[in-house]
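What follows is the content of coords-v4.txt, which has compact mmCIF, C-alpha atoms:
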```
# COMPACT_ATOMS: atom_id res chain seq x y z
CA MET A 1384 -23.36 -22.67 5.85
CA SER A 1385 -23.50 -19.23 7.42
CA ILE A 1386 -22.13 -15.87 6.31
CA SER A 1387 -19.24 -14.59 8.44
CA ASP A 1388 -19.74 -11.55 10.69
CA LYS A 1389 -17.20 -9.61 8.61
CA THR A 1390 -19.15 -10.18 5.38
CA ARG A 1391 -22.48 -9.56 7.14
CA LYS A 1392 -21.20 -6.15 8.33
CA SER A 1393 -19.99 -5.30 4.82
CA LEU A 1394 -23.41 -6.20 3.37
CA GLU A 1395 -25.06 -3.96 5.97
CA LYS A 1396 -22.69 -1.11 5.07
CA ILE A 1397 -23.75 -1.24 1.41
CA GLY A 1398 -27.41 -1.08 2.38
CA LEU A 1399 -28.75 -4.61 2.93
CA THR A 1400 -30.94 -5.12 6.01
CA SER A 1401 -30.57 -7.95 8.50
CA TYR A 1402 -33.70 -9.66 7.08
CA GLU A 1403 -32.37 -9.33 3.52
CA ILE A 1404 -29.03 -10.86 4.49
CA ARG A 1405 -30.71 -13.78 6.27
CA THR A 1406 -33.00 -14.39 3.26
CA PHE A 1407 -30.14 -14.28 0.74
CA SER A 1408 -28.03 -16.55 2.97
CA SER A 1409 -30.84 -19.14 3.07
CA LEU A 1410 -31.12 -19.05 -0.73
CA LEU A 1411 -27.35 -19.52 -1.09
CA LYS A 1412 -27.65 -22.61 1.11
CA ASP A 1413 -30.73 -24.18 -0.53
CA GLY A 1414 -30.65 -22.75 -4.06
CA GLU A 1415 -34.38 -22.28 -4.68
CA LEU A 1416 -37.23 -21.83 -2.19
CA THR A 1417 -40.83 -20.61 -1.91
CA ALA A 1418 -41.65 -17.61 0.27
CA SER A 1419 -43.09 -19.77 3.07
CA ASP A 1420 -40.07 -22.12 3.07
CA LEU A 1421 -37.77 -19.09 3.09
CA SER A 1422 -39.61 -17.61 6.06
CA GLN A 1423 -39.13 -20.84 8.02
CA LYS A 1424 -35.47 -21.35 7.10
CA SER A 1425 -34.33 -17.72 7.45
CA GLY A 1426 -36.34 -16.83 10.54
CA VAL A 1427 -37.82 -13.79 8.76
CA PRO A 1428 -41.50 -13.42 9.85
CA TYR A 1429 -43.98 -14.49 7.15
CA SER A 1430 -45.66 -11.06 7.44
CA LYS A 1431 -42.37 -9.48 6.28
CA ILE A 1432 -41.02 -12.05 3.82
CA TYR A 1433 -42.71 -10.71 0.65
CA GLU A 1434 -41.54 -7.17 1.35
CA VAL A 1435 -37.98 -8.45 1.92
CA LEU A 1436 -38.07 -10.54 -1.28
CA GLY A 1437 -39.33 -7.52 -3.23
CA THR A 1438 -36.50 -5.25 -2.06
CA LEU A 1439 -33.89 -7.99 -2.64
CA GLU A 1440 -35.19 -8.43 -6.19
CA ASP A 1441 -35.09 -4.65 -6.79
CA LYS A 1442 -31.51 -4.55 -5.51
CA GLY A 1443 -30.49 -7.33 -7.93
CA TRP A 1444 -29.60 -10.02 -5.39
CA ILE A 1445 -32.34 -12.54 -6.19
CA GLY A 1446 -34.66 -13.62 -9.00
CA SER A 1447 -37.98 -15.47 -9.17
CA ASP A 1448 -39.70 -17.88 -11.57
CA ASP A 1449 -43.28 -18.27 -12.84
CA SER A 1450 -44.12 -21.44 -10.92
CA ARG A 1451 -47.01 -21.63 -8.45
CA PRO A 1452 -46.17 -20.96 -5.71
CA THR A 1453 -43.36 -18.67 -6.89
CA LYS A 1454 -39.85 -19.89 -6.21
CA TYR A 1455 -36.97 -17.54 -5.49
CA PHE A 1456 -33.30 -18.12 -6.29
CA PRO A 1457 -30.04 -16.26 -5.56
CA LYS A 1458 -28.28 -14.27 -8.25
CA SER A 1459 -24.49 -13.94 -8.43
CA PRO A 1460 -23.14 -11.66 -5.67
CA LYS A 1461 -21.32 -9.79 -8.48
CA THR A 1462 -24.71 -8.96 -10.05
CA GLY A 1463 -26.13 -7.90 -6.69
CA LEU A 1464 -23.16 -5.66 -5.95
CA GLU A 1465 -23.19 -4.05 -9.40
CA THR A 1466 -26.96 -3.34 -9.27
CA THR A 1467 -26.67 -1.97 -5.71
CA LYS A 1468 -23.69 0.20 -6.71
CA GLN A 1469 -25.53 1.63 -9.73
CA LYS A 1470 -28.62 2.37 -7.65
CA MET A 1471 -26.49 4.05 -4.95
CA GLU A 1472 -24.76 6.20 -7.59
CA VAL A 1473 -28.10 7.29 -9.10
CA ASP A 1474 -29.51 8.03 -5.63
CA PHE A 1475 -26.32 9.86 -4.63
CA ALA A 1476 -26.42 12.05 -7.76
CA ALA A 1477 -30.09 12.94 -7.17
CA ASN A 1478 -29.48 13.77 -3.50
CA GLN A 1479 -26.30 15.68 -4.35
CA SER A 1480 -28.25 17.92 -6.73
CA ILE A 1481 -30.93 18.68 -4.10
CA ILE A 1482 -28.33 19.34 -1.37
CA LEU A 1483 -26.08 21.57 -3.51
CA ASN A 1484 -28.99 23.63 -4.88
CA GLU A 1485 -30.08 24.63 -1.40
CA LEU A 1486 -26.93 24.58 0.71
CA VAL A 1487 -24.31 26.16 -1.60
CA PRO A 1488 -26.12 29.54 -1.75
CA LEU A 1489 -26.48 29.43 2.08
CA TYR A 1490 -22.75 28.63 2.44
CA GLU A 1491 -21.80 31.47 0.07
CA LYS A 1492 -24.03 33.93 1.98
CA SER A 1493 -22.43 32.91 5.29
CA GLY A 1494 -19.15 34.48 4.20
CA THR A 1495 -17.06 31.65 5.64
CA SER A 1496 -14.27 30.01 3.68
CA GLU A 1497 -12.91 26.49 3.65
CA ARG A 1498 -10.05 25.70 6.01
CA PRO A 1499 -8.49 22.59 4.51
CA ASP A 1500 -5.34 21.05 5.96
CA ILE A 1501 -2.51 22.31 3.77
CA TRP A 1502 1.11 21.91 4.86
CA VAL A 1503 4.40 22.86 3.28
CA LEU A 1504 6.91 20.03 3.69
CA SER A 1505 10.64 20.53 3.30
CA GLY A 1506 13.47 18.07 3.06
CA THR A 1507 13.65 14.82 1.14
CA ILE A 1508 13.30 12.63 4.27
CA ASN A 1509 10.12 14.40 5.46
CA ILE A 1510 8.54 14.33 2.00
CA ALA A 1511 9.43 10.68 1.42
CA ALA A 1512 7.96 9.77 4.85
CA LYS A 1513 4.68 11.55 4.02
CA ILE A 1514 4.47 9.89 0.60
CA LEU A 1515 5.09 6.44 2.11
CA GLU A 1516 2.43 7.14 4.77
CA MET A 1517 -0.07 8.07 2.02
CA VAL A 1518 0.75 4.93 0.05
CA GLU A 1519 0.32 2.75 3.13
CA SER A 1520 -3.09 4.17 4.08
CA CYS A 1521 -4.52 4.23 0.54
CA ARG A 1522 -7.77 2.25 0.13
CA SER A 1523 -8.94 2.36 -3.49
CA GLU A 1524 -6.71 4.31 -5.89
CA VAL A 1525 -3.28 5.89 -5.95
CA MET A 1526 -1.74 7.95 -8.78
CA ILE A 1527 1.97 8.71 -8.72
CA ALA A 1528 4.05 11.00 -10.96
CA LEU A 1529 7.62 9.91 -10.43
CA PRO A 1530 10.53 11.93 -11.88
CA GLU A 1531 13.88 10.32 -12.69
CA ALA A 1532 15.37 11.29 -9.32
CA GLY A 1533 12.68 9.38 -7.47
CA GLN A 1534 14.29 5.98 -8.03
CA ALA A 1535 15.38 5.69 -4.40
CA LEU A 1536 11.77 6.26 -3.35
CA VAL A 1537 10.62 3.45 -5.67
CA LYS A 1538 12.84 0.97 -3.82
CA GLN A 1539 11.45 2.16 -0.46
CA ALA A 1540 7.83 2.14 -1.59
CA LEU A 1541 7.87 -1.15 -3.51
CA PRO A 1542 6.84 -3.44 -0.58
CA LYS A 1543 3.96 -1.06 0.23
CA LEU A 1544 2.92 -0.89 -3.44
CA ARG A 1545 2.92 -4.71 -3.61
CA SER A 1546 0.71 -4.81 -0.52
CA LEU A 1547 -1.73 -2.31 -2.09
CA HIS A 1548 -1.77 -4.30 -5.33
CA ASP A 1549 -2.62 -7.47 -3.39
CA ARG A 1550 -5.48 -5.61 -1.66
CA GLY A 1551 -6.95 -4.64 -5.05
CA VAL A 1552 -5.97 -0.96 -4.96
CA LYS A 1553 -5.70 0.58 -8.45
CA ILE A 1554 -2.14 1.93 -8.91
CA THR A 1555 -1.16 4.19 -11.82
CA ILE A 1556 2.41 5.44 -12.12
CA LEU A 1557 3.66 8.05 -14.58
CA THR A 1558 7.43 8.11 -14.75
CA SER A 1559 10.36 9.65 -16.61
CA ASP A 1560 11.82 7.95 -19.69
CA LYS A 1561 15.16 8.12 -17.83
CA MET A 1562 13.99 5.82 -15.02
CA ASP A 1563 16.38 2.85 -14.83
CA LYS A 1564 15.11 -0.41 -16.36
CA GLU A 1565 15.34 -2.38 -13.10
CA SER A 1566 13.08 0.07 -11.21
CA LEU A 1567 10.72 0.25 -14.19
CA LYS A 1568 10.41 -3.54 -14.36
CA ALA A 1569 9.73 -3.74 -10.60
CA ILE A 1570 6.88 -1.19 -10.60
CA THR A 1571 5.32 -2.65 -13.80
CA ARG A 1572 4.54 -5.83 -11.85
CA VAL A 1573 2.27 -3.98 -9.40
CA ALA A 1574 0.97 -0.98 -11.34
CA THR A 1575 -0.17 0.43 -14.67
CA VAL A 1576 2.97 2.28 -15.73
CA LYS A 1577 3.29 4.98 -18.39
CA VAL A 1578 6.47 6.75 -19.43
CA LYS A 1579 6.73 10.43 -20.33
CA LYS A 1580 9.74 12.01 -21.94
CA GLY A 1581 11.14 14.86 -19.90
CA LEU A 1582 8.86 14.41 -16.87
CA PHE A 1583 10.29 16.88 -14.36
CA GLY A 1584 7.57 17.27 -11.72
CA GLY A 1585 6.35 14.76 -9.22
CA GLY A 1586 3.52 14.08 -6.85
CA ILE A 1587 1.01 11.59 -5.52
CA ILE A 1588 -2.80 11.57 -5.27
CA SER A 1589 -4.39 9.10 -2.86
CA ASP A 1590 -8.10 8.14 -2.86
CA LYS A 1591 -8.99 11.32 -4.84
CA ARG A 1592 -8.49 13.35 -1.66
CA TYR A 1593 -4.93 13.49 -0.33
CA VAL A 1594 -2.25 15.05 -2.50
CA VAL A 1595 1.48 15.79 -2.35
CA ILE A 1596 2.87 18.09 -5.05
CA LEU A 1597 6.64 18.56 -5.37
CA LEU A 1598 7.54 22.22 -5.79
CA GLY A 1599 11.29 22.39 -5.34
CA PRO A 1600 14.14 20.41 -6.88
CA GLU A 1601 13.54 16.78 -7.65
CA ILE A 1602 14.04 14.17 -4.95
CA GLY A 1603 17.76 13.54 -4.78
CA SER A 1604 18.87 16.96 -6.00
CA ALA A 1605 21.97 18.15 -4.12
CA ASN A 1606 21.63 21.84 -5.00
CA ALA A 1607 18.81 22.92 -2.72
CA GLU A 1608 16.24 21.56 -0.31
CA THR A 1609 13.23 19.86 -1.82
CA VAL A 1610 9.90 21.48 -0.99
CA ALA A 1611 6.40 20.01 -1.38
CA ILE A 1612 2.78 20.77 -0.54
CA TRP A 1613 0.66 18.18 1.26
CA ALA A 1614 -3.09 18.73 1.32
CA ASP A 1615 -6.21 17.02 2.55
CA HIS A 1616 -8.44 18.76 0.02
CA ALA A 1617 -10.74 17.03 -2.48
CA GLY A 1618 -10.80 20.10 -4.80
CA LEU A 1619 -7.02 20.38 -5.06
CA ALA A 1620 -6.70 16.59 -5.43
CA GLY A 1621 -9.33 16.70 -8.19
CA PHE A 1622 -7.41 19.43 -10.05
CA ALA A 1623 -4.15 17.45 -9.67
CA ARG A 1624 -5.90 14.31 -10.90
CA GLU A 1625 -7.20 16.05 -14.05
CA TYR A 1626 -3.68 17.28 -14.81
CA PHE A 1627 -2.25 13.79 -14.12
CA GLU A 1628 -4.76 12.25 -16.56
CA TYR A 1629 -3.90 14.91 -19.15
CA LEU A 1630 -0.21 13.90 -18.87
CA LEU A 1631 -1.15 10.19 -19.07
CA LYS A 1632 -2.84 10.69 -22.46
CA ASP A 1633 0.41 12.06 -23.83
CA SER A 1634 2.53 9.18 -22.50
CA LYS A 1635 3.43 5.73 -23.79
CA LYS A 1636 2.72 2.47 -22.00
CA SER A 1637 5.73 0.84 -20.38
```

I need this file expressed as structure tokens, please.
Amino acid sequence: MSISDKTRKSLEKIGLTSYEIRTFSSLLKDGELTASDLSQKSGVPYSKIYEVLGTLEDKGWIGSDDSRPTKYFPKSPKTGLETTKQKMEVDFAANQSIILNELVPLYEKSGTSERPDIWVLSGTINIAAKILEMVESCRSEVMIALPEAGQALVKQALPKLRSLHDRGVKITILTSDKMDKESLKAITRVATVKVKKGLFGGGIISDKRYVVILLGPEIGSANAETVAIWADHAGLAGFAREYFEYLLKDSKKS
């Protein structure tokens, strides 16, 4: 049994070394091994094996017993991932603090200002196309505030939302209490849906970074052209997300 190249690359991306992957793979195959047996089976040099076993144990991927010689065994990949994730978050927070403390004052002294991509979109077709593009490219989380007049967009976006749901993307939809029951039932199958009375605004936040905020009439309004802002800006998306979560608290589950 060998780990696929795709999984091997993913393990490397979350911080496991080639030696660590080979060692863990050997343990998955044989269940429980001594350091010398592991060195032979994994191809990791004996001079390196104890260091590799130590880092794998720290990262939560393996355990060891009290026998002589010590035997090592694999832990659940879920445990390994969770421990690695927690360690990365702690390390990230520590590094973030160091970086911000030194670089923010330098940035402020430089007198430059951020130049995020911010576009004004007009017309229902253009806005709908941008929203569908954002939904399609979303990787981890999408939050959608959908006014009553956005029902046509629901029907267009549904196949893409199903695809995201199947890929494990977290989908949260806040919608008007006037949304028709058929559309409501369809989106409830693929998302966490909450209903808010009198929801008049709309927008979408993708992966905590990309945001579309509707400014003009609701989608479908015949009186005037719909206008929206699209931005690739983590700060603006963060502000929109906080407001979205504030509205969620005041809504009822569908």

Two-atom distance - CA of Glu1519 (chain A), CA of Phe1627 (chain A) (Å):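 Spanning CA of Glu1519 (chain A) to CA of Phe1627 (chain A) is a straight-line distance of 20.6 Å.
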
Separation of CA of Val1503 (chain A) from CA of Val1610 (chain A) in Å: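 Separation between CA of Val1610 (chain A) and CA of Val1503 (chain A): 7.1 Å.
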
- prompt: Nearest to Ser1419 (chain A) among A:Lys1454, A:Glu1531, A:Ser1559, A:Leu1631, with distances taken over all atoms listed in the file: which residue is it?
  reply: A:Lys1454

- request: Fewer than 5 positions away in the same chain doesn't count, so skip those; otherwise give me all residues within 12 Å of Ser1408 (chain A), counting only C-alpha atoms, as an MDAnalysis selection string.
  value: chainID A and resid 1384:1387 1390:1391 1394 1399 1401:1403 1413:1416 1421 1424:1427 1439 1444:1445 1456:1458 1460

List the neighbours of Ala1574 (chain A) out to 9 Å using all atoms listed in the file; skip same-chain residues closer than 2 positions along the sequence, and give me the result as a CSV table (one decimal) with C-alpha atoms, in the frame of the given file.
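Written out: out-v5.csv:
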```csv
chain,number,residue,atom,x,y,z
A,1544,LEU,CA,2.9,-0.9,-3.4
A,1545,ARG,CA,2.9,-4.7,-3.6
A,1548,HIS,CA,-1.8,-4.3,-5.3
A,1553,LYS,CA,-5.7,0.6,-8.4
A,1554,ILE,CA,-2.1,1.9,-8.9
A,1555,THR,CA,-1.2,4.2,-11.8
A,1556,ILE,CA,2.4,5.4,-12.1
A,1570,ILE,CA,6.9,-1.2,-10.6
A,1571,THR,CA,5.3,-2.6,-13.8
A,1572,ARG,CA,4.5,-5.8,-11.8
A,1576,VAL,CA,3.0,2.3,-15.7
```

query: In Å, how far is it from CA of Asp1500 (chain A) to CA of Ala1614 (chain A)?
result: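 Pair CA of Asp1500 (chain A) / CA of Ala1614 (chain A) returns 5.7 Å.
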
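Of the listed residues (A:Ile1527, A:Met1562, A:Ile1510, A:Val1537), A:Ile1527 comes nearest to Ala1623 (chain A); the distances count only C-alpha atoms.
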
field: Surrounding residues of Ala1617 (chain A) excluding itself and chain neighbours under 6 positions, 10 Å, only C-alpha atoms, as a list in words
entry: Pro1499, Asp1590, Lys1591, Arg1592, Tyr1593, Val1594 and Ala1623 of chain A

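Ranking A:Ser1393, A:Thr1558, A:Ser1409, A:Thr1438 by their shortest atom-to-atom distance to Lys1577 (chain A), with only C-alpha atoms included, puts A:Thr1558 first.
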
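Here the selection is built from only C-alpha atoms, and the residues within 7 Å of (-6.2, -0.3, -4.7) turn out to be Arg1522, Ser1523, Glu1524, Val1525, Leu1547, His1548, Arg1550, Gly1551, Val1552, Lys1553 and Ile1554 of chain A.
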
message: For a quick check of understanding, using all atoms listed in the file, which of A:Leu1411, A:Leu1436, A:Val1487, A:Val1595 has the smallest distance to Leu1504 (chain A)?
response: A:Val1595
